[in-house]
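With PDB, C-alpha atoms, pLDDT in the B column inside, this is upload-v5.pdb:
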ATOM      1  CA  MET A 565      95.245 105.097 131.895  1.00 81.00           C
ATOM      2  CA  ARG A 566      96.543 103.835 128.546  1.00 82.00           C
ATOM      3  CA  LEU A 567      93.055 103.657 127.064  1.00 90.00           C
ATOM      4  CA  GLY A 568      92.484 107.263 128.110  1.00 93.00           C
ATOM      5  CA  LEU A 569      95.712 108.359 126.419  1.00 92.00           C
ATOM      6  CA  PHE A 570      94.771 106.392 123.325  1.00 91.00           C
ATOM      7  CA  LEU A 571      91.372 108.146 123.214  1.00 94.00           C
ATOM      8  CA  VAL A 572      92.918 111.591 123.733  1.00 94.00           C
ATOM      9  CA  GLY A 573      95.323 110.904 120.881  1.00 93.00           C
ATOM     10  CA  ALA A 574      92.426 109.851 118.652  1.00 94.00           C
ATOM     11  CA  PHE A 575      90.466 112.954 119.682  1.00 96.00           C
ATOM     12  CA  ILE A 576      93.356 115.109 118.423  1.00 96.00           C
ATOM     13  CA  GLY A 577      94.216 113.022 115.350  1.00 95.00           C
ATOM     14  CA  ALA A 578      90.827 113.048 113.606  1.00 96.00           C
ATOM     15  CA  PRO A 579      90.385 116.846 113.510  1.00 97.00           C
ATOM     16  CA  THR A 580      94.027 117.230 112.514  1.00 97.00           C
ATOM     17  CA  ARG A 581      93.436 114.964 109.514  1.00 97.00           C
ATOM     18  CA  TYR A 582      90.343 116.903 108.536  1.00 97.00           C
ATOM     19  CA  LEU A 583      92.063 120.286 108.757  1.00 97.00           C
ATOM     20  CA  VAL A 584      95.150 119.170 106.813  1.00 97.00           C
ATOM     21  CA  ASP A 585      92.991 117.564 104.121  1.00 97.00           C
ATOM     22  CA  GLN A 586      90.726 120.602 103.757  1.00 97.00           C
ATOM     23  CA  TYR A 587      93.686 122.966 103.592  1.00 97.00           C
ATOM     24  CA  PHE A 588      95.334 121.107 100.717  1.00 97.00           C
ATOM     25  CA  ARG A 589      92.070 120.443  98.865  1.00 95.00           C
ATOM     26  CA  SER A 590      91.454 124.187  98.777  1.00 96.00           C
ATOM     27  CA  TYR A 591      94.646 124.608  96.725  1.00 94.00           C
ATOM     28  CA  MET A 592      94.856 121.492  94.552  1.00 95.00           C
ATOM     29  CA  LYS A 593      92.800 118.664  93.155  1.00 92.00           C
ATOM     30  CA  PHE A 594      95.325 115.946  94.089  1.00 95.00           C
ATOM     31  CA  PRO A 595      94.584 114.656  97.637  1.00 96.00           C
ATOM     32  CA  ALA A 596      97.960 115.770  99.023  1.00 97.00           C
ATOM     33  CA  GLY A 597      96.544 116.234 102.528  1.00 97.00           C
ATOM     34  CA  ILE A 598      95.528 112.583 102.782  1.00 97.00           C
ATOM     35  CA  LEU A 599      98.916 111.523 101.440  1.00 97.00           C
ATOM     36  CA  ILE A 600     100.702 113.711 104.007  1.00 97.00           C
ATOM     37  CA  VAL A 601      98.721 112.474 107.009  1.00 97.00           C
ATOM     38  CA  ASN A 602      99.054 108.838 105.945  1.00 97.00           C
ATOM     39  CA  VAL A 603     102.833 109.098 105.498  1.00 97.00           C
ATOM     40  CA  LEU A 604     103.268 111.067 108.734  1.00 96.00           C
ATOM     41  CA  GLY A 605     101.116 108.539 110.577  1.00 96.00           C
ATOM     42  CA  ALA A 606     103.148 105.645 109.176  1.00 96.00           C
ATOM     43  CA  PHE A 607     106.369 107.308 110.353  1.00 96.00           C
ATOM     44  CA  LEU A 608     105.030 107.977 113.849  1.00 94.00           C
ATOM     45  CA  LEU A 609     103.696 104.431 114.144  1.00 92.00           C
ATOM     46  CA  GLY A 610     107.115 103.174 113.115  1.00 93.00           C
ATOM     47  CA  VAL A 611     108.645 105.265 115.884  1.00 91.00           C
ATOM     48  CA  VAL A 612     106.347 103.832 118.556  1.00 89.00           C
ATOM     49  CA  ALA A 613     105.922 100.334 117.072  1.00 84.00           C
ATOM     50  CA  THR A 614     107.699  98.588 119.923  1.00 77.00           C
ATOM     51  CA  GLY A 615     106.886 101.130 122.625  1.00 75.00           C
ATOM     52  CA  GLU A 616     104.972 100.232 125.728  1.00 75.00           C
ATOM     53  CA  THR A 617     105.035 103.707 127.271  1.00 81.00           C
ATOM     54  CA  ASN A 618     102.029 105.920 127.886  1.00 79.00           C
ATOM     55  CA  ILE A 619     103.295 108.256 125.174  1.00 84.00           C
ATOM     56  CA  ALA A 620     103.304 105.339 122.721  1.00 84.00           C
ATOM     57  CA  PHE A 621      99.646 104.609 123.432  1.00 84.00           C
ATOM     58  CA  GLY A 622      98.744 108.271 122.946  1.00 87.00           C
ATOM     59  CA  LEU A 623     100.614 108.370 119.643  1.00 90.00           C
ATOM     60  CA  MET A 624      98.966 105.141 118.507  1.00 89.00           C
ATOM     61  CA  GLY A 625      95.553 106.712 119.080  1.00 92.00           C
ATOM     62  CA  PHE A 626      96.633 109.883 117.329  1.00 94.00           C
ATOM     63  CA  CYS A 627      98.030 107.987 114.330  1.00 92.00           C
ATOM     64  CA  GLY A 628      95.019 105.712 114.073  1.00 92.00           C
ATOM     65  CA  ALA A 629      92.692 108.696 113.842  1.00 94.00           C
ATOM     66  CA  LEU A 630      95.097 110.782 111.752  1.00 95.00           C
ATOM     67  CA  THR A 631      95.558 108.217 108.994  1.00 95.00           C
ATOM     68  CA  THR A 632      92.696 107.097 106.830  1.00 92.00           C
ATOM     69  CA  TRP A 633      92.080 104.127 104.626  1.00 93.00           C
ATOM     70  CA  SER A 634      88.553 105.208 103.725  1.00 94.00           C
ATOM     71  CA  ALA A 635      89.475 108.635 102.328  1.00 94.00           C
ATOM     72  CA  LEU A 636      92.333 107.096 100.342  1.00 96.00           C
ATOM     73  CA  SER A 637      89.985 104.464  98.930  1.00 96.00           C
ATOM     74  CA  LEU A 638      87.382 107.066  97.978  1.00 96.00           C
ATOM     75  CA  ASP A 639      90.004 109.260  96.312  1.00 97.00           C
ATOM     76  CA  LEU A 640      91.329 106.282  94.354  1.00 98.00           C
ATOM     77  CA  PHE A 641      87.812 105.281  93.308  1.00 98.00           C
ATOM     78  CA  ASN A 642      87.035 108.820  92.160  1.00 97.00           C
ATOM     79  CA  GLU A 643      90.249 108.991  90.152  1.00 97.00           C
ATOM     80  CA  LEU A 644      89.356 105.738  88.409  1.00 98.00           C
ATOM     81  CA  SER A 645      85.779 106.881  87.796  1.00 98.00           C
ATOM     82  CA  GLU A 646      87.089 110.060  86.187  1.00 97.00           C
ATOM     83  CA  LYS A 647      89.524 107.956  84.122  1.00 98.00           C
ATOM     84  CA  ASN A 648      92.368 109.933  85.638  1.00 97.00           C
ATOM     85  CA  TYR A 649      94.749 106.987  85.545  1.00 98.00           C
ATOM     86  CA  LYS A 650      97.874 109.056  86.072  1.00 97.00           C
ATOM     87  CA  ALA A 651      96.552 110.587  89.308  1.00 97.00           C
ATOM     88  CA  PHE A 652      95.365 107.151  90.418  1.00 98.00           C
ATOM     89  CA  ALA A 653      98.803 105.604  89.862  1.00 98.00           C
ATOM     90  CA  VAL A 654     100.651 108.502  91.505  1.00 97.00           C
ATOM     91  CA  ASN A 655      98.302 108.465  94.495  1.00 98.00           C
ATOM     92  CA  LEU A 656      98.417 104.698  94.972  1.00 98.00           C
ATOM     93  CA  LEU A 657     102.148 104.259  94.476  1.00 98.00           C
ATOM     94  CA  SER A 658     103.167 107.322  96.467  1.00 97.00           C
ATOM     95  CA  THR A 659     100.914 106.448  99.396  1.00 97.00           C
ATOM     96  CA  TYR A 660     102.208 102.901  99.689  1.00 97.00           C
ATOM     97  CA  GLY A 661     105.807 103.604  98.687  1.00 98.00           C
ATOM     98  CA  LEU A 662     106.212 106.615 100.954  1.00 98.00           C
ATOM     99  CA  GLY A 663     104.165 104.995 103.725  1.00 97.00           C
ATOM    100  CA  ILE A 664     106.325 101.883 103.877  1.00 97.00           C
ATOM    101  CA  THR A 665     109.478 103.980 103.659  1.00 98.00           C
ATOM    102  CA  ALA A 666     108.240 106.297 106.420  1.00 97.00           C
ATOM    103  CA  ALA A 667     107.356 103.390 108.717  1.00 96.00           C
ATOM    104  CA  ALA A 668     110.763 101.787 108.120  1.00 96.00           C
ATOM    105  CA  LEU A 669     112.470 105.114 108.799  1.00 96.00           C
ATOM    106  CA  GLY A 670     110.496 105.499 112.023  1.00 94.00           C
ATOM    107  CA  ILE A 671     111.586 102.048 113.169  1.00 93.00           C
ATOM    108  CA  TRP A 672     115.170 102.738 112.097  1.00 95.00           C
ATOM    109  CA  VAL A 673     115.470 106.043 114.026  1.00 93.00           C
ATOM    110  CA  THR A 674     114.360 104.372 117.242  1.00 89.00           C
ATOM    111  CA  ALA A 675     116.540 101.258 116.897  1.00 82.00           C
TER     112      ALA A 675
END

Whole structure given in structure tokens:
Amino acid sequence: MRLGLFLVGAFIGAPTRYLVDQYFRSYMKFPAGILIVNVLGAFLLGVVATGETNIAFGLMGFCGALTTWSALSLDLFNELSEKNYKAFAVNLLSTYGLGITAAALGIWVTA
């Protein structure tokens, strides 16, 4: 049952990431969509970090498919290749800073 919920969550999370990313990329060069899904995913994982419910497993699947290390890495690489050091620094620091803060906030709200 839990594996099924995990897979359903992942099935929903991946297209959600794609749609959010494509929406923001149509308006701006900065990969705001990837930043948003990664921070949201970190918050939701913080919320369910200690959960053993079926909902927790569904959210873990959703968050795993929603967030993306590969797209972040590619964006960072492209920013470095284009010598856009400011965008690189903003992207890197905001993703990690906001991600850690979001995860901590998620844990805090459920404590």

Env of stretch 566-580 of chain A: 7 Å cut, atoms = all atoms listed in the file, seq-sep filter 3 positions within chain, self excluded. Answer as an MDAnalysis selection string. chainID A and resid 583:584 618 621:630

Hits from the PyMOL selection byres ((chain A and resi 658-663) around 9), listed as a ChimeraX atom specification: /A:598-600,602-607,636,653-657,664-668

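Selection check: the PyMOL selection byres ((chain A and resi 611-617) around 6) on the shown file gives Leu608, Leu609, Gly610, Asn618, Ile619, Ala620, Gly670, Ile671 and Thr674 of chain A.
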
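With all atoms listed in the file as the basis for measurement, A:Arg581 is the residue among A:Arg581, A:Gln586, A:Met565, A:Leu669 that approaches A:Thr632 most closely.
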
Mind pulling up the distance from atom CA of A:Pro595 to atom CA of A:Asp639?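 According to the coordinates, atom CA of A:Asp639 and atom CA of A:Pro595 are separated by 7.2 Å.
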
Between atom CA of A:Ala675 and atom CA of A:Trp633, distance in Å (one decimal):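 That distance, rounded to one decimal, is 27.5 Å.
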
For stretch 650-664 of chain A, what centre and edge lengths in Å (one decimal) does the axis-aligned box get once 3 Å is added on each side of all its listed atoms, as AutoDock Vina command-line options?
--center_x 100.8 --center_y 106.2 --center_z 95.0 --size_x 17.0 --size_y 14.7 --size_z 23.8

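With atom CA of A:Lys650 on one side and atom CA of A:Phe594 on the other, the separation reads 10.9 Å.
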
Of the residues A:Phe588, A:Lys593, A:Tyr649, A:Tyr582, which is the one nearest to A:Ala635, using all atoms listed in the file?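 Of A:Phe588, A:Lys593, A:Tyr649, A:Tyr582, the one nearest A:Ala635 is A:Tyr582, counting all atoms listed in the file.
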